[in-house]
Amino acid sequence: MSRALVTGGAGFIGSHLAEGLLANGREVVVYDNFATGQRPFVEGIDRHPDARIVTGDVLDAEALRSAMTGCDTVFHLAANADVRFGLDDPSRDFTQNTQATFSVLEAMRATGVSRIVFSSSGSIYGEPAVIPTPEDCPFPIQTSLYGASKLAGEALIEAYVEGFGFAGVILRFVSLLGERYTHGHLFDFYRALRADPARLTVLGDGRQRKSYLYVGDCIEAILLLEARQRRGVAVYNLGTDEVSDVDTSVRAVSAYLGVDPEISYTGGARGWVGDSPLIHLDCSRLRALGWRPRLTIAEAVQRTLRWLSENEWVLERRDAH
């Protein structure tokens, strides 16, 4: 039976991916240090006879090699995703994203694993001149440490594919929504309005437009692309053909909670340094393989809000951090 290692497997995307792999008849090793991953997300996985959960950090070379032994594929999702706070501690993106990816690649080389699927980001495009942005768009100046660290990880994977005969899939995600969502603008708005329904502060001018993808649609794409890749490296954008602005999200959260807050804006087209005013990826390369997202952005938003309302323990746990 094929066995896969999922780094960050107790996180939002990783736990869904682990479940998808198990449903496809794969053995799965979930590898997570539980700094942001959640134990409740992997309770069902922990009971599965073909799954194993290992608590460990990707920077711990010995533990990582031990967990990886016997696997044929690594899905590398573990990362620091706090784009907004990258400048507060510039070393975090380097160590948890770039250095961590190098650590994973070296563990693969040591254990004889030669296939990797990497969760990169649409942030690597910075503020591109081409919208919707294709995979072969000329790269602009990097605007966030997060994007720069992910792009460096992509380059390392490409070099290992070329130098050591690995097979690699690089996935450039838009922001994801859905069940187990615990990080991002909807989460922040929901938590803020639960605490104070009368007012809400919005970073930027509220007109920033982004594409979002439902996590279930994302998992279907990942499994499709991993199954196709046997040699070389391939790069794919993952997103929808829609965009939605921040003000639309504010209205959706307010309507869901039945509140009418006074909105104040911090101003400017960007909420923070590195916040692109428009993220809209060209996903025609992926769509040519027959993949289509099942949910619209509005439907994904509603599923996310429903899950948050049914799992408000995540609000308290995030506050505790």
# chains A, B, ... in the order shown; residues from 1 in each chain; ligands from 1
>>> closest_atom_pairs(of="region 103-202 of chain A", to="region 58-63 of chain A", cutoff="9 Å", atoms="only C-alpha atoms", output="JSON lines")
{"residue": "A:Ser103", "atom": "CA", "partner": "A:Leu59", "partner_atom": "CA", "distance": 6.0}
{"residue": "A:Val104", "atom": "CA", "partner": "A:Val58", "partner_atom": "CA", "distance": 6.7}
{"residue": "A:Glu106", "atom": "CA", "partner": "A:Ala61", "partner_atom": "CA", "distance": 8.4}
{"residue": "A:Ala107", "atom": "CA", "partner": "A:Ala61", "partner_atom": "CA", "distance": 6.7}
>>> write_last_selection(atoms="N, CA and C atoms", output="PDB file, in the first residue's frame")
ATOM      1  N   SER A 103      14.925  21.232   4.814  1.00  0.00           N
ATOM      2  CA  SER A 103      14.985  20.105   5.743  1.00  0.00           C
ATOM      3  C   SER A 103      14.178  18.924   5.223  1.00  0.00           C
ATOM      4  N   VAL A 104      13.001  19.201   4.671  1.00  0.00           N
ATOM      5  CA  VAL A 104      12.164  18.140   4.101  1.00  0.00           C
ATOM      6  C   VAL A 104      12.858  17.485   2.910  1.00  0.00           C
ATOM      7  N   GLU A 106      16.060  17.317   2.249  1.00  0.00           N
ATOM      8  CA  GLU A 106      17.204  16.531   2.695  1.00  0.00           C
ATOM      9  C   GLU A 106      16.768  15.225   3.354  1.00  0.00           C
ATOM     10  N   ALA A 107      15.656  15.253   4.101  1.00  0.00           N
ATOM     11  CA  ALA A 107      15.130  14.023   4.692  1.00  0.00           C
ATOM     12  C   ALA A 107      14.668  13.068   3.599  1.00  0.00           C
TER      13      ALA A 107
END
>>> select_by_dssp(residues="region 110-165 of chain A", states="alpha helix (DSSP H)", output="MDAnalysis selection string")
chainID A and resid 110:111 145:164
>>> closest_residue(among="A:Ser149, A:Cys71, A:Ala78, A:Ile124", to="Asp93 (chain A)", atoms="only C-alpha atoms")
A:Ser149
>>> closest_residue(among="A:Ser254, A:Thr143, A:Thr133, A:Asn237", to="Ala192 (chain A)", atoms="only C-alpha atoms")
A:Ser254
>>> closest_residue(among="A:Tyr125, A:Gly290, A:Leu223, A:Phe187", to="Leu22 (chain A)", atoms="only C-alpha atoms")
A:Leu223
>>> closest_residue(among="A:Asp217, A:Asp57, A:Asp247, A:Glu226", to="Thr296 (chain A)", atoms="only C-alpha atoms")
A:Asp217
>>> atom_distance(atom1="CA of Phe75 (chain A)", atom2="CA of Ala10 (chain A)")
12.6 Å
>>> atom_distance(atom1="CA of Leu151 (chain A)", atom2="CA of Thr101 (chain A)")
10.9 Å
>>> closest_residue(among="A:Leu177, A:Arg287, A:Asp245, A:Val314", to="Ala300 (chain A)", atoms="only C-alpha atoms")
A:Leu177
>>> atom_distance(atom1="CA of Gly274 (chain A)", atom2="CA of Ile170 (chain A)")
21.6 Å
>>> residues_around(residues="Gly147 (chain A)", least_positions_apart="4", cutoff="12 Å", atoms="only C-alpha atoms", output="MDAnalysis selection string")
chainID A and resid 79:84 86 93:94 97:98 119:127 139:143 151:154 172:173 273:276
>>> write_last_selection(atoms="C-alpha atoms", output="PDB file, in the first residue's frame")
ATOM      1  CA  ALA A  79       4.611  26.559   7.174  1.00  0.00           C
ATOM      2  CA  ASN A  80       4.250  29.876   8.905  1.00  0.00           C
ATOM      3  CA  ALA A  81       1.227  31.499   7.279  1.00  0.00           C
ATOM      4  CA  ASP A  82       1.209  34.838   9.107  1.00  0.00           C
ATOM      5  CA  VAL A  83       1.835  37.015   6.057  1.00  0.00           C
ATOM      6  CA  ARG A  84       0.655  40.114   7.859  1.00  0.00           C
ATOM      7  CA  GLY A  86       6.214  38.816   8.761  1.00  0.00           C
ATOM      8  CA  ASP A  93       9.363  32.988   7.419  1.00  0.00           C
ATOM      9  CA  PHE A  94      12.902  31.925   6.591  1.00  0.00           C
ATOM     10  CA  ASN A  97       9.183  28.091   5.299  1.00  0.00           C
ATOM     11  CA  THR A  98      12.479  28.137   3.383  1.00  0.00           C
ATOM     12  CA  SER A 119       1.938  24.098  -0.886  1.00  0.00           C
ATOM     13  CA  SER A 120       3.239  27.380  -2.214  1.00  0.00           C
ATOM     14  CA  SER A 121       1.143  30.527  -2.489  1.00  0.00           C
ATOM     15  CA  GLY A 122      -0.297  33.107  -4.849  1.00  0.00           C
ATOM     16  CA  SER A 123       1.649  35.583  -2.712  1.00  0.00           C
ATOM     17  CA  ILE A 124       4.765  34.748  -4.718  1.00  0.00           C
ATOM     18  CA  TYR A 125       3.350  36.904  -7.547  1.00  0.00           C
ATOM     19  CA  GLY A 126       3.535  40.030  -5.372  1.00  0.00           C
ATOM     20  CA  GLU A 127       1.609  42.716  -7.280  1.00  0.00           C
ATOM     21  CA  PHE A 139       7.892  37.793 -11.433  1.00  0.00           C
ATOM     22  CA  PRO A 140       7.628  41.299 -10.005  1.00  0.00           C
ATOM     23  CA  ILE A 141       9.494  42.523  -6.951  1.00  0.00           C
ATOM     24  CA  GLN A 142       8.539  40.456  -3.908  1.00  0.00           C
ATOM     25  CA  THR A 143       6.334  42.417  -1.511  1.00  0.00           C
ATOM     26  CA  LEU A 151       9.355  31.289  -3.789  1.00  0.00           C
ATOM     27  CA  ALA A 152      12.717  30.245  -2.348  1.00  0.00           C
ATOM     28  CA  GLY A 153      11.150  26.922  -1.376  1.00  0.00           C
ATOM     29  CA  GLU A 154       9.918  26.466  -4.937  1.00  0.00           C
ATOM     30  CA  ARG A 172       0.198  28.153  -5.740  1.00  0.00           C
ATOM     31  CA  PHE A 173      -2.943  28.582  -3.648  1.00  0.00           C
ATOM     32  CA  VAL A 273       2.955  45.833   3.901  1.00  0.00           C
ATOM     33  CA  GLY A 274       2.780  42.981   1.391  1.00  0.00           C
ATOM     34  CA  ASP A 275      -1.023  42.938   1.158  1.00  0.00           C
ATOM     35  CA  SER A 276      -1.764  42.845  -2.554  1.00  0.00           C
TER      36      SER A 276
END
>>> closest_residue(among="A:Glu162, A:Asp196, A:Asp136, A:Asp89", to="Leu281 (chain A)", atoms="only C-alpha atoms")
A:Asp136
>>> select_by_dssp(residues="region 71-241 of chain A", states="strand (DSSP E)", output="PyMOL selection string")
chain A and resi 73-76+115-121+167-173+175-177+199-202+209-210+212-214+232-238
>>> write_last_selection(atoms="C-alpha atoms", output="mmCIF file, in the first residue's frame")
data_model
loop_
_atom_site.group_PDB
_atom_site.id
_atom_site.type_symbol
_atom_site.label_atom_id
_atom_site.label_comp_id
_atom_site.auth_asym_id
_atom_site.auth_seq_id
_atom_site.Cartn_x
_atom_site.Cartn_y
_atom_site.Cartn_z
ATOM 1 C CA THR A 73 5.382 10.733 -1.291
ATOM 2 C CA VAL A 74 5.678 13.827 0.894
ATOM 3 C CA PHE A 75 2.963 16.465 0.956
ATOM 4 C CA HIS A 76 4.759 19.445 2.478
ATOM 5 C CA ARG A 115 8.051 12.640 -4.801
ATOM 6 C CA ILE A 116 6.971 15.914 -3.195
ATOM 7 C CA VAL A 117 3.829 18.019 -3.381
ATOM 8 C CA PHE A 118 4.454 21.530 -2.068
ATOM 9 C CA SER A 119 1.938 24.098 -0.886
ATOM 10 C CA SER A 120 3.239 27.380 -2.214
ATOM 11 C CA SER A 121 1.143 30.527 -2.489
ATOM 12 C CA ALA A 167 9.271 14.453 -9.005
ATOM 13 C CA GLY A 168 7.573 17.596 -7.742
ATOM 14 C CA VAL A 169 4.238 19.377 -7.840
ATOM 15 C CA ILE A 170 4.203 23.038 -6.782
ATOM 16 C CA LEU A 171 0.773 24.408 -5.891
ATOM 17 C CA ARG A 172 0.198 28.153 -5.740
ATOM 18 C CA PHE A 173 -2.943 28.582 -3.648
ATOM 19 C CA SER A 175 -6.655 31.767 0.319
ATOM 20 C CA LEU A 176 -8.784 28.798 1.316
ATOM 21 C CA LEU A 177 -12.131 28.717 3.113
ATOM 22 C CA ARG A 199 -18.032 48.253 15.713
ATOM 23 C CA LEU A 200 -15.399 46.758 13.455
ATOM 24 C CA THR A 201 -12.021 48.005 12.268
ATOM 25 C CA VAL A 202 -11.072 46.968 8.734
ATOM 26 C CA ARG A 209 -10.157 42.013 -3.978
ATOM 27 C CA LYS A 210 -9.054 38.419 -3.645
ATOM 28 C CA TYR A 212 -10.855 32.296 -2.486
ATOM 29 C CA LEU A 213 -11.223 28.532 -2.841
ATOM 30 C CA TYR A 214 -13.222 26.014 -0.815
ATOM 31 C CA GLY A 232 10.013 16.396 -13.406
ATOM 32 C CA VAL A 233 8.306 19.364 -11.800
ATOM 33 C CA ALA A 234 4.948 20.985 -12.559
ATOM 34 C CA VAL A 235 3.527 24.260 -11.260
ATOM 35 C CA TYR A 236 -0.194 24.941 -10.913
ATOM 36 C CA ASN A 237 -2.318 27.820 -9.706
ATOM 37 C CA LEU A 238 -5.256 26.797 -7.502
#
>>> residues_around(residues="Phe189 (chain A)", least_positions_apart="2", cutoff="12 Å", atoms="only C-alpha atoms", output="compact mmCIF listing (two decimals) with C-alpha atoms, in the first residue's frame")
# COMPACT_ATOMS: atom_id res chain seq x y z
CA THR A 182 -8.79 29.18 11.85
CA HIS A 183 -6.72 31.88 10.18
CA GLY A 184 -7.65 34.76 7.90
CA HIS A 185 -9.95 37.70 7.42
CA LEU A 186 -13.26 35.89 7.95
CA PHE A 187 -11.96 34.41 11.19
CA ARG A 191 -14.14 36.85 16.29
CA ALA A 192 -14.13 40.67 16.47
CA LEU A 193 -17.89 40.95 15.94
CA ARG A 194 -18.62 38.23 18.47
CA ALA A 195 -16.64 40.27 21.00
CA ASP A 196 -18.10 43.67 19.99
CA PRO A 197 -21.08 43.63 17.60
CA ARG A 199 -18.03 48.25 15.71
CA LEU A 200 -15.40 46.76 13.45
CA THR A 201 -12.02 48.01 12.27
CA VAL A 202 -11.07 46.97 8.73
CA LEU A 203 -7.48 47.14 7.55
CA VAL A 246 -13.22 42.75 1.81
CA ASP A 247 -16.41 44.79 2.23
CA THR A 248 -18.41 41.86 0.85
CA SER A 249 -16.90 39.63 3.52
CA VAL A 250 -17.76 42.17 6.22
CA ARG A 251 -21.38 42.21 5.06
CA ALA A 252 -21.52 38.41 4.99
CA VAL A 253 -20.21 38.03 8.53
CA SER A 254 -22.44 40.82 9.83
CA ALA A 255 -25.53 39.30 8.21
CA TYR A 256 -24.69 35.84 9.52
CA LEU A 257 -24.37 37.17 13.08
CA VAL A 259 -25.37 42.63 13.60
CA PRO A 261 -21.58 47.40 13.17
CA ILE A 263 -17.15 50.22 10.21
CA LEU A 305 -19.19 30.84 9.01
CA LEU A 308 -17.10 28.75 13.08
CA LEU A 315 -11.81 31.40 18.98
